[in-house]
Amino acid sequence: LNVETDKFGSVPYYVPYFPLGEWQTPKVQALAIWGDSAVLVPWAIYMDSGDKVMLGKQYNLVVKWIEEVSGYLSPDGVWDRRPGIVYGQLGDWLDPTAPPDDMAKALTAKELVATAYFARSARLASKMASDLGLVQYQDKYAELADHVKEGFISRFVGEDGLMTSDTQCAYALAIHFGLLDDHSDLKKFAGRRLAQLVRDRDYTVGTGFAGTPYILPALTETGHLEEAYRLFLSDKCPSWLYQVSMGATTTWERWDSMLPNGKVNSGVGMTSFNHYALGSVAEWMYSTLGGLVMSSPGWHRFKIAPKPWGPIKDAHVVHKTALGTIDLTWKYKADEGKLFIDAAIPEGSSALVEVGEYYDCIHAGMHHLVYEYKS
């Protein structure tokens with residue numbers, strides 16, 4: 001590995017980059033979430049494709065990003081400074097409570113968001129190094145991730161579990177990024193508090209770009225499947241299905257790019273009706289509603305674990321992997337108390353089926369499975 005340590009690891013706010021509006025600075029400022037794409041994008045491609053050569057080619061940038069941001073941490077591991085440049089994170093961008101003319105004015109502290117994302121990036125950088133056989137980076141970044149995680153807990157989580165930013169975003173990041181995994185009581189409290197915040201908002205979304213991909217997974221992971229489904233199925237503003245109810249055929253940039261009265265949100269010149277970020281819910285749709293969960297890079301191993309609830313009685317998901325197409329259909333018949341699964345498994349793959357208390361391992365081919373199940 002040949003890392004040019006004198007180079008910054010920041011990536012532009014958007015790619016391909018060209019000077020636009022306020023983003024005309026000649027040097028890109030390190031920015032959490034957007035900058036973390038230096039780690040998150042190679043990891044996502046590697047996990048889906050299993051392409052270790054690609055991962056090795058990208059690891060230089062991973063190291064540069066981790067090393068650069070490490071220099072912006074306070075001694076306790078919290079990312080709350082940027083020497084020589086005015087510190088300005090975007091945080092939970094387009095939190096639905098943010099005013100139309102100040103999209104970064106979210107309820108969740110920007111330092112909390114930045115630290116949570118960096119803890120995750122450092123952990124993934126260690127996992128990448130492990131898969132690439134780079135032991136020196138594996139150990140170094142594992143220790144860094146632990147340090148940032150403990151700083152996160154010390155700075156942002158109270159002894160009673162209540163977070164300094166008492167928001168859906170804060171709890172979702174803490175849970176889904178594994179920052180509370182070593183503190184079971186805190187994690188259980190975080191799950192309960194997140195579910196309560198969802199109920200308090202009458203099952204509408206309270207997250208922006210930072211928290212939205214993880215709120216449903218965090219609810220599901222902590223045993224609050226009802227709250228996850230009711231939030232997902234809500235058509236009140238702000239919600240995913242509100243956009244559908246207003247005639248949307250693509251995902252909007254703002255939860256309310258179109259207002260309930262049918263008028264376009266002025267958004268100070270920034271209102272898109274085709275902007276993927278909030279569409280990140282699709283990953284939860286595949287893994288929880290659809291029941292298709294990746295277990296190893298390249299889909300050599302995966303889980304089939306559908307979770308029926310309420311009006312969701314069946315689903316059909318298809319995913320094209322490097323090994324072939326996975327085709328999964330499930331149907332729950334409540335009157336029979338049974339769950340029916342049809343699964344096509346490509347050559348080179350195997351799946352662990354998890355349905356209630358039942359566990360089965362299946363290999364390549366067509367499978368028709370029936371399980372006793374009570375929703």
# chains A, B, ... in the order shown; residues from 1 in each chain; ligands from 1
call {"tool": "residues_around", "arguments": {"residues": "Cys361 in chain A", "least_positions_apart": "5", "cutoff": "8 Å", "atoms": "only C-alpha atoms", "output": "list in words"}}
result
Ser350, Ala351, Leu352 and Val353 of chain A
call {"tool": "write_last_selection", "arguments": {"atoms": "N, CA and C atoms", "output": "PDB file, in the first residue's frame"}}
result
ATOM      1  N   SER A 350     -25.315 -19.859  -0.819  1.00  0.00           N
ATOM      2  CA  SER A 350     -26.130 -20.624   0.115  1.00  0.00           C
ATOM      3  C   SER A 350     -26.863 -19.634   1.007  1.00  0.00           C
ATOM      4  N   ALA A 351     -27.996 -20.070   1.538  1.00  0.00           N
ATOM      5  CA  ALA A 351     -28.815 -19.167   2.343  1.00  0.00           C
ATOM      6  C   ALA A 351     -29.216 -19.834   3.649  1.00  0.00           C
ATOM      7  N   LEU A 352     -29.234 -19.027   4.707  1.00  0.00           N
ATOM      8  CA  LEU A 352     -29.760 -19.465   5.994  1.00  0.00           C
ATOM      9  C   LEU A 352     -31.167 -18.909   6.120  1.00  0.00           C
ATOM     10  N   VAL A 353     -32.131 -19.801   6.222  1.00  0.00           N
ATOM     11  CA  VAL A 353     -33.524 -19.381   6.367  1.00  0.00           C
ATOM     12  C   VAL A 353     -33.839 -19.259   7.856  1.00  0.00           C
TER      13      VAL A 353
END
call {"tool": "residues_around", "arguments": {"residues": "Met258 in chain A", "least_positions_apart": "4", "cutoff": "9 Å", "atoms": "only C-alpha atoms", "output": "ChimeraX atom specification"}}
result
/A:243,246,252,254,262-265,271,273
call {"tool": "residues_around", "arguments": {"residues": "range 341-343 of chain A", "least_positions_apart": "5", "cutoff": "10 Å", "atoms": "only C-alpha atoms", "output": "mmCIF file with N, CA, C and O atoms, in the first residue's frame"}}
result
data_model
loop_
_atom_site.group_PDB
_atom_site.id
_atom_site.type_symbol
_atom_site.label_atom_id
_atom_site.label_comp_id
_atom_site.auth_asym_id
_atom_site.auth_seq_id
_atom_site.Cartn_x
_atom_site.Cartn_y
_atom_site.Cartn_z
ATOM 1 N N ILE A 304 -32.439 -15.513 4.478
ATOM 2 C CA ILE A 304 -33.836 -15.316 4.087
ATOM 3 C C ILE A 304 -34.616 -15.233 5.394
ATOM 4 O O ILE A 304 -34.765 -16.235 6.104
ATOM 5 N N PRO A 306 -37.902 -13.149 6.282
ATOM 6 C CA PRO A 306 -39.020 -12.208 6.148
ATOM 7 C C PRO A 306 -39.680 -11.927 7.491
ATOM 8 O O PRO A 306 -39.703 -12.783 8.386
ATOM 9 N N ASP A 314 -47.325 -10.457 2.096
ATOM 10 C CA ASP A 314 -46.525 -11.131 1.076
ATOM 11 C C ASP A 314 -45.551 -10.139 0.461
ATOM 12 O O ASP A 314 -45.733 -8.922 0.558
ATOM 13 N N ALA A 315 -44.519 -10.664 -0.168
ATOM 14 C CA ALA A 315 -43.525 -9.833 -0.835
ATOM 15 C C ALA A 315 -42.793 -10.658 -1.882
ATOM 16 O O ALA A 315 -42.707 -11.889 -1.780
ATOM 17 N N HIS A 316 -42.261 -9.953 -2.866
ATOM 18 C CA HIS A 316 -41.456 -10.585 -3.912
ATOM 19 C C HIS A 316 -40.250 -9.691 -4.162
ATOM 20 O O HIS A 316 -40.400 -8.516 -4.495
ATOM 21 N N VAL A 317 -39.042 -10.220 -3.972
ATOM 22 C CA VAL A 317 -37.820 -9.451 -4.193
ATOM 23 C C VAL A 317 -36.900 -10.207 -5.141
ATOM 24 O O VAL A 317 -36.821 -11.435 -5.103
ATOM 25 N N VAL A 318 -36.212 -9.438 -5.975
ATOM 26 C CA VAL A 318 -35.243 -10.000 -6.922
ATOM 27 C C VAL A 318 -33.973 -9.186 -6.820
ATOM 28 O O VAL A 318 -34.023 -7.951 -6.809
ATOM 29 N N ILE A 326 -30.966 -13.839 -7.419
ATOM 30 C CA ILE A 326 -31.720 -14.358 -6.278
ATOM 31 C C ILE A 326 -33.168 -13.909 -6.460
ATOM 32 O O ILE A 326 -33.435 -12.713 -6.640
ATOM 33 N N ASP A 327 -34.080 -14.853 -6.420
ATOM 34 C CA ASP A 327 -35.503 -14.549 -6.596
ATOM 35 C C ASP A 327 -36.247 -15.135 -5.398
ATOM 36 O O ASP A 327 -36.251 -16.349 -5.189
ATOM 37 N N LEU A 328 -36.845 -14.248 -4.605
ATOM 38 C CA LEU A 328 -37.459 -14.676 -3.351
ATOM 39 C C LEU A 328 -38.897 -14.174 -3.258
ATOM 40 O O LEU A 328 -39.164 -12.985 -3.437
ATOM 41 N N THR A 329 -39.808 -15.100 -2.998
ATOM 42 C CA THR A 329 -41.209 -14.753 -2.773
ATOM 43 C C THR A 329 -41.673 -15.401 -1.473
ATOM 44 O O THR A 329 -41.370 -16.574 -1.220
ATOM 45 N N TRP A 330 -42.363 -14.627 -0.647
ATOM 46 C CA TRP A 330 -42.967 -15.211 0.545
ATOM 47 C C TRP A 330 -44.405 -14.755 0.688
ATOM 48 O O TRP A 330 -44.783 -13.677 0.225
ATOM 49 N N LYS A 331 -45.211 -15.609 1.330
ATOM 50 C CA LYS A 331 -46.624 -15.291 1.550
ATOM 51 C C LYS A 331 -47.046 -15.857 2.893
ATOM 52 O O LYS A 331 -46.790 -17.026 3.198
ATOM 53 N N TYR A 332 -47.677 -15.006 3.693
ATOM 54 C CA TYR A 332 -48.145 -15.417 5.005
ATOM 55 C C TYR A 332 -49.658 -15.609 4.972
ATOM 56 O O TYR A 332 -50.409 -14.706 4.587
ATOM 57 N N ALA A 351 -27.996 -20.070 1.538
ATOM 58 C CA ALA A 351 -28.815 -19.167 2.343
ATOM 59 C C ALA A 351 -29.216 -19.834 3.649
ATOM 60 O O ALA A 351 -29.506 -21.034 3.695
ATOM 61 N N VAL A 353 -32.131 -19.801 6.222
ATOM 62 C CA VAL A 353 -33.524 -19.381 6.367
ATOM 63 C C VAL A 353 -33.839 -19.259 7.856
ATOM 64 O O VAL A 353 -33.646 -20.208 8.627
ATOM 65 N N ILE A 362 -30.022 -23.703 2.964
ATOM 66 C CA ILE A 362 -30.342 -24.196 1.624
ATOM 67 C C ILE A 362 -29.274 -23.752 0.647
ATOM 68 O O ILE A 362 -28.613 -22.725 0.842
ATOM 69 N N ALA A 364 -27.821 -23.949 -3.788
ATOM 70 C CA ALA A 364 -28.260 -23.544 -5.126
ATOM 71 C C ALA A 364 -29.440 -24.381 -5.614
ATOM 72 O O ALA A 364 -29.520 -25.587 -5.366
ATOM 73 N N GLY A 365 -30.368 -23.704 -6.297
ATOM 74 C CA GLY A 365 -31.518 -24.388 -6.857
ATOM 75 C C GLY A 365 -32.816 -23.714 -6.478
ATOM 76 O O GLY A 365 -32.844 -22.638 -5.878
ATOM 77 N N MET A 366 -33.924 -24.341 -6.844
ATOM 78 C CA MET A 366 -35.260 -23.846 -6.532
ATOM 79 C C MET A 366 -35.757 -24.529 -5.254
ATOM 80 O O MET A 366 -35.593 -25.737 -5.073
ATOM 81 N N HIS A 367 -36.362 -23.742 -4.373
ATOM 82 C CA HIS A 367 -36.829 -24.278 -3.100
ATOM 83 C C HIS A 367 -38.241 -23.785 -2.804
ATOM 84 O O HIS A 367 -38.561 -22.608 -3.003
ATOM 85 N N HIS A 368 -39.063 -24.701 -2.320
ATOM 86 C CA HIS A 368 -40.396 -24.351 -1.843
ATOM 87 C C HIS A 368 -40.468 -24.787 -0.385
ATOM 88 O O HIS A 368 -40.366 -25.986 -0.075
ATOM 89 N N LEU A 369 -40.638 -23.827 0.512
ATOM 90 C CA LEU A 369 -40.564 -24.101 1.945
ATOM 91 C C LEU A 369 -41.842 -23.639 2.633
ATOM 92 O O LEU A 369 -42.450 -22.622 2.249
ATOM 93 N N VAL A 370 -42.251 -24.367 3.660
ATOM 94 C CA VAL A 370 -43.443 -24.016 4.409
ATOM 95 C C VAL A 370 -43.114 -24.108 5.904
ATOM 96 O O VAL A 370 -42.527 -25.099 6.357
ATOM 97 N N TYR A 371 -43.467 -23.058 6.658
ATOM 98 C CA TYR A 371 -43.173 -23.006 8.085
ATOM 99 C C TYR A 371 -44.419 -22.603 8.865
ATOM 100 O O TYR A 371 -45.214 -21.767 8.409
#
call {"tool": "closest_residue", "arguments": {"among": "A:Tyr203, A:Phe209, A:Asp166, A:Leu219", "to": "Lys187 in chain A", "atoms": "only C-alpha atoms"}}
result
A:Leu219
call {"tool": "residues_around", "arguments": {"residues": "Leu173 in chain A", "least_positions_apart": "6", "cutoff": "10 Å", "atoms": "only C-alpha atoms", "output": "short mmCIF file (atom, residue, chain, number, x, y, z; two decimals) with all heavy atoms, in the first residue's frame"}}
result
data_model
loop_
_atom_site.label_atom_id
_atom_site.label_comp_id
_atom_site.auth_asym_id
_atom_site.auth_seq_id
_atom_site.Cartn_x
_atom_site.Cartn_y
_atom_site.Cartn_z
N LEU A 112 -22.38 15.47 16.97
CA LEU A 112 -22.84 14.10 17.24
C LEU A 112 -22.90 13.30 15.94
O LEU A 112 -22.40 12.17 15.87
CB LEU A 112 -24.21 14.15 17.91
CG LEU A 112 -24.86 12.84 18.37
CD1 LEU A 112 -25.86 13.12 19.49
CD2 LEU A 112 -25.54 12.07 17.26
N VAL A 113 -23.49 13.90 14.92
CA VAL A 113 -23.63 13.22 13.63
C VAL A 113 -22.25 12.91 13.03
O VAL A 113 -21.98 11.79 12.58
CB VAL A 113 -24.46 14.06 12.66
CG1 VAL A 113 -24.45 13.45 11.26
CG2 VAL A 113 -25.89 14.21 13.16
N ALA A 116 -20.44 10.10 14.99
CA ALA A 116 -21.04 8.78 14.75
C ALA A 116 -20.61 8.23 13.40
O ALA A 116 -20.21 7.06 13.29
CB ALA A 116 -22.56 8.89 14.82
N TYR A 117 -20.66 9.07 12.37
CA TYR A 117 -20.27 8.60 11.04
C TYR A 117 -18.79 8.26 10.98
O TYR A 117 -18.39 7.29 10.32
CB TYR A 117 -20.62 9.65 9.99
CG TYR A 117 -21.98 9.43 9.35
CD1 TYR A 117 -23.13 9.91 9.96
CD2 TYR A 117 -22.12 8.72 8.16
CE1 TYR A 117 -24.39 9.70 9.39
CE2 TYR A 117 -23.36 8.50 7.58
CZ TYR A 117 -24.49 8.99 8.21
OH TYR A 117 -25.73 8.78 7.64
N ARG A 120 -18.08 4.90 12.50
CA ARG A 120 -18.43 3.83 11.57
C ARG A 120 -17.39 3.68 10.46
O ARG A 120 -16.99 2.57 10.11
CB ARG A 120 -19.80 4.13 10.95
CG ARG A 120 -20.30 3.00 10.06
CD ARG A 120 -21.49 3.44 9.27
NE ARG A 120 -22.15 2.33 8.59
CZ ARG A 120 -22.88 2.46 7.49
NH1 ARG A 120 -23.05 3.65 6.96
NH2 ARG A 120 -23.45 1.42 6.93
N LEU A 179 -22.66 1.64 18.11
CA LEU A 179 -21.94 2.43 19.11
C LEU A 179 -22.36 2.08 20.53
O LEU A 179 -21.65 2.42 21.48
CB LEU A 179 -22.16 3.92 18.85
CG LEU A 179 -21.76 4.40 17.45
CD1 LEU A 179 -22.00 5.90 17.30
CD2 LEU A 179 -20.29 4.06 17.17
N LEU A 180 -23.49 1.39 20.69
CA LEU A 180 -23.97 1.01 22.02
C LEU A 180 -23.92 -0.50 22.24
O LEU A 180 -24.43 -0.99 23.24
CB LEU A 180 -25.42 1.50 22.20
CG LEU A 180 -25.65 3.00 21.98
CD1 LEU A 180 -27.13 3.32 22.14
CD2 LEU A 180 -24.82 3.83 22.95
N ALA A 210 -28.89 12.36 7.11
CA ALA A 210 -27.99 11.56 7.95
C ALA A 210 -28.70 10.40 8.62
O ALA A 210 -28.17 9.29 8.69
CB ALA A 210 -27.35 12.45 9.02
N GLY A 211 -29.92 10.62 9.13
CA GLY A 211 -30.58 9.61 9.92
C GLY A 211 -31.56 8.73 9.18
O GLY A 211 -31.85 7.61 9.62
N THR A 212 -32.08 9.20 8.04
CA THR A 212 -33.15 8.48 7.35
C THR A 212 -32.78 7.06 6.93
O THR A 212 -33.60 6.14 7.07
CB THR A 212 -33.63 9.29 6.12
OG1 THR A 212 -34.27 10.48 6.59
CG2 THR A 212 -34.59 8.50 5.27
N PRO A 213 -31.55 6.78 6.43
CA PRO A 213 -31.26 5.40 6.02
C PRO A 213 -31.31 4.40 7.17
O PRO A 213 -31.42 3.19 6.93
CB PRO A 213 -29.83 5.49 5.45
CG PRO A 213 -29.64 6.93 5.12
CD PRO A 213 -30.43 7.68 6.14
N TYR A 214 -31.24 4.88 8.42
CA TYR A 214 -31.01 3.97 9.54
C TYR A 214 -32.14 3.92 10.57
O TYR A 214 -32.09 3.11 11.49
CB TYR A 214 -29.70 4.36 10.24
CG TYR A 214 -28.57 4.51 9.26
CD1 TYR A 214 -27.99 5.75 9.00
CD2 TYR A 214 -28.13 3.43 8.50
CE1 TYR A 214 -26.98 5.89 8.06
CE2 TYR A 214 -27.13 3.56 7.56
CZ TYR A 214 -26.56 4.80 7.33
OH TYR A 214 -25.58 4.94 6.39
N ILE A 215 -33.16 4.76 10.41
CA ILE A 215 -34.20 4.78 11.44
C ILE A 215 -35.01 3.49 11.46
O ILE A 215 -35.26 2.91 12.52
CB ILE A 215 -35.10 6.02 11.29
CG1 ILE A 215 -36.13 6.05 12.41
CG2 ILE A 215 -35.75 6.09 9.92
CD1 ILE A 215 -36.90 7.34 12.51
N PRO A 217 -34.04 0.41 10.19
CA PRO A 217 -33.18 -0.67 10.69
C PRO A 217 -32.96 -0.62 12.20
O PRO A 217 -32.92 -1.67 12.86
CB PRO A 217 -31.87 -0.45 9.92
CG PRO A 217 -32.28 0.22 8.66
CD PRO A 217 -33.41 1.13 9.06
N ALA A 218 -32.82 0.59 12.75
CA ALA A 218 -32.59 0.71 14.20
C ALA A 218 -33.81 0.27 14.99
O ALA A 218 -33.69 -0.41 16.01
CB ALA A 218 -32.22 2.15 14.55
#
call {"tool": "residues_around", "arguments": {"residues": "range 53-66 of chain A", "least_positions_apart": "2", "cutoff": "9 Å", "atoms": "only C-alpha atoms", "output": "ChimeraX atom specification"}}
result
/A:1-11,30,35-36,38-39,42-43,45-46,50-51,68-71,118,121-122,125,128-129,132,137,141
call {"tool": "residues_around", "arguments": {"residues": "Ala142 in chain A", "least_positions_apart": "4", "cutoff": "8 Å", "atoms": "only C-alpha atoms", "output": "list in words"}}
result
Ala122, Arg123, Ser126, Gln138 and Asp146 of chain A
call {"tool": "select_by_dssp", "arguments": {"residues": "range 233-308 of chain A", "states": "helix (DSSP H, G or I)", "output": "list in words"}}
result
Leu233, Trp240, Leu241, Tyr242, Gln243, Val244, Ser245, Gly267, Val268, Gly269, Tyr276, Ala277, Leu278, Gly279, Ser280, Val281, Ala282, Glu283, Trp284, Met285, Tyr286, Ser287, Thr288, Leu289, Pro297, Gly298 and Trp299 of chain A
call {"tool": "residues_around", "arguments": {"residues": "Tyr358 in chain A", "least_positions_apart": "2", "cutoff": "10 Å", "atoms": "only C-alpha atoms", "output": "PyMOL selection string"}}
result
chain A and resi 353-356+360+371-373
call {"tool": "write_last_selection", "arguments": {"atoms": "C-alpha atoms", "output": "PDB file, in the first residue's frame"}}
result
ATOM      1  CA  VAL A 353     -33.524 -19.381   6.367  1.00  0.00           C
ATOM      2  CA  GLU A 354     -34.691 -17.829   9.649  1.00  0.00           C
ATOM      3  CA  VAL A 355     -38.428 -18.013  10.314  1.00  0.00           C
ATOM      4  CA  GLY A 356     -39.417 -17.717  13.957  1.00  0.00           C
ATOM      5  CA  ASP A 360     -32.612 -24.152   7.598  1.00  0.00           C
ATOM      6  CA  TYR A 371     -43.173 -23.006   8.085  1.00  0.00           C
ATOM      7  CA  GLU A 372     -45.562 -22.685  10.950  1.00  0.00           C
ATOM      8  CA  TYR A 373     -45.619 -18.996  11.818  1.00  0.00           C
TER       9      TYR A 373
END
call {"tool": "closest_residue", "arguments": {"among": "A:Ala119, A:Leu31, A:Met163, A:Leu144", "to": "Phe177 in chain A", "atoms": "only C-alpha atoms"}}
result
A:Ala119
call {"tool": "closest_residue", "arguments": {"among": "A:Tyr171, A:Trp309, A:Phe302, A:Trp93", "to": "Glu253 in chain A", "atoms": "only C-alpha atoms"}}
result
A:Trp93
call {"tool": "select_by_dssp", "arguments": {"residues": "range 152-283 of chain A", "states": "strand (DSSP E or B)", "output": "number ranges by chain"}}
result
A: 157, 163, 258, 264
call {"tool": "closest_residue", "arguments": {"among": "A:Ser296, A:Ser245, A:Thr204, A:Thr321", "to": "Asp131 in chain A", "atoms": "only C-alpha atoms"}}
result
A:Ser296
call {"tool": "atom_distance", "arguments": {"atom1": "CA of Leu94 in chain A", "atom2": "CA of Asp160 in chain A"}}
result
29.1 Å
call {"tool": "decode", "arguments": {"residues": "range 148-158 of chain A", "atoms": "all heavy atoms", "output": "compact mmCIF listing (two decimals), in the first residue's frame"}}
result
# COMPACT_ATOMS: atom_id res chain seq x y z
N VAL A 148 -13.13 6.56 19.29
CA VAL A 148 -14.19 7.49 18.87
C VAL A 148 -15.53 7.07 19.45
O VAL A 148 -16.32 7.91 19.89
CB VAL A 148 -14.25 7.56 17.33
CG1 VAL A 148 -15.40 8.45 16.87
CG2 VAL A 148 -12.93 8.08 16.76
N LYS A 149 -15.78 5.77 19.49
CA LYS A 149 -17.04 5.26 20.06
C LYS A 149 -17.18 5.64 21.52
O LYS A 149 -18.24 6.12 21.95
CB LYS A 149 -17.09 3.74 19.91
CG LYS A 149 -18.32 3.10 20.53
CD LYS A 149 -18.29 1.59 20.41
CE LYS A 149 -17.19 1.00 21.28
NZ LYS A 149 -17.21 -0.49 21.28
N GLU A 150 -16.12 5.45 22.29
CA GLU A 150 -16.19 5.79 23.71
C GLU A 150 -16.34 7.30 23.90
O GLU A 150 -17.02 7.76 24.82
CB GLU A 150 -14.96 5.27 24.44
CG GLU A 150 -14.92 3.75 24.54
CD GLU A 150 -16.20 3.16 25.10
OE1 GLU A 150 -16.70 3.69 26.13
OE2 GLU A 150 -16.71 2.18 24.54
N GLY A 151 -15.67 8.09 23.03
CA GLY A 151 -15.85 9.54 23.09
C GLY A 151 -17.28 9.93 22.78
O GLY A 151 -17.85 10.83 23.41
N PHE A 152 -17.89 9.24 21.83
CA PHE A 152 -19.29 9.49 21.47
C PHE A 152 -20.19 9.24 22.67
O PHE A 152 -21.05 10.07 23.00
CB PHE A 152 -19.68 8.59 20.30
CG PHE A 152 -21.12 8.70 19.88
CD1 PHE A 152 -21.49 9.60 18.90
CD2 PHE A 152 -22.09 7.89 20.46
CE1 PHE A 152 -22.82 9.71 18.52
CE2 PHE A 152 -23.42 7.99 20.07
CZ PHE A 152 -23.78 8.91 19.10
N ILE A 153 -20.00 8.11 23.33
CA ILE A 153 -20.84 7.76 24.47
C ILE A 153 -20.64 8.76 25.61
O ILE A 153 -21.60 9.25 26.21
CB ILE A 153 -20.54 6.33 24.94
CG1 ILE A 153 -20.97 5.33 23.87
CG2 ILE A 153 -21.25 6.03 26.25
CD1 ILE A 153 -20.56 3.90 24.16
N SER A 154 -19.38 9.06 25.90
CA SER A 154 -19.08 9.98 27.00
C SER A 154 -19.65 11.37 26.78
O SER A 154 -20.17 12.00 27.70
CB SER A 154 -17.56 10.06 27.20
OG SER A 154 -17.25 10.97 28.23
N ARG A 155 -19.57 11.84 25.54
CA ARG A 155 -19.99 13.22 25.24
C ARG A 155 -21.49 13.35 24.98
O ARG A 155 -22.09 14.36 25.34
CB ARG A 155 -19.22 13.71 24.02
CG ARG A 155 -19.45 15.19 23.68
CD ARG A 155 -18.52 16.12 24.41
NE ARG A 155 -17.16 16.05 23.92
CZ ARG A 155 -16.64 16.88 23.01
NH1 ARG A 155 -17.39 17.83 22.47
NH2 ARG A 155 -15.36 16.78 22.66
N PHE A 156 -22.10 12.33 24.37
CA PHE A 156 -23.47 12.50 23.87
C PHE A 156 -24.53 11.61 24.51
O PHE A 156 -25.71 11.79 24.24
CB PHE A 156 -23.49 12.27 22.35
CG PHE A 156 -22.56 13.16 21.59
CD1 PHE A 156 -21.52 12.63 20.84
CD2 PHE A 156 -22.70 14.54 21.63
CE1 PHE A 156 -20.64 13.44 20.13
CE2 PHE A 156 -21.84 15.38 20.93
CZ PHE A 156 -20.81 14.82 20.18
N VAL A 157 -24.11 10.64 25.36
CA VAL A 157 -25.07 9.73 25.97
C VAL A 157 -25.01 9.87 27.49
O VAL A 157 -23.94 9.68 28.08
CB VAL A 157 -24.80 8.26 25.57
CG1 VAL A 157 -25.88 7.34 26.16
CG2 VAL A 157 -24.75 8.12 24.05
N GLY A 158 -26.15 10.18 28.11
CA GLY A 158 -26.19 10.31 29.55
C GLY A 158 -26.18 8.96 30.24
O GLY A 158 -26.42 7.92 29.62
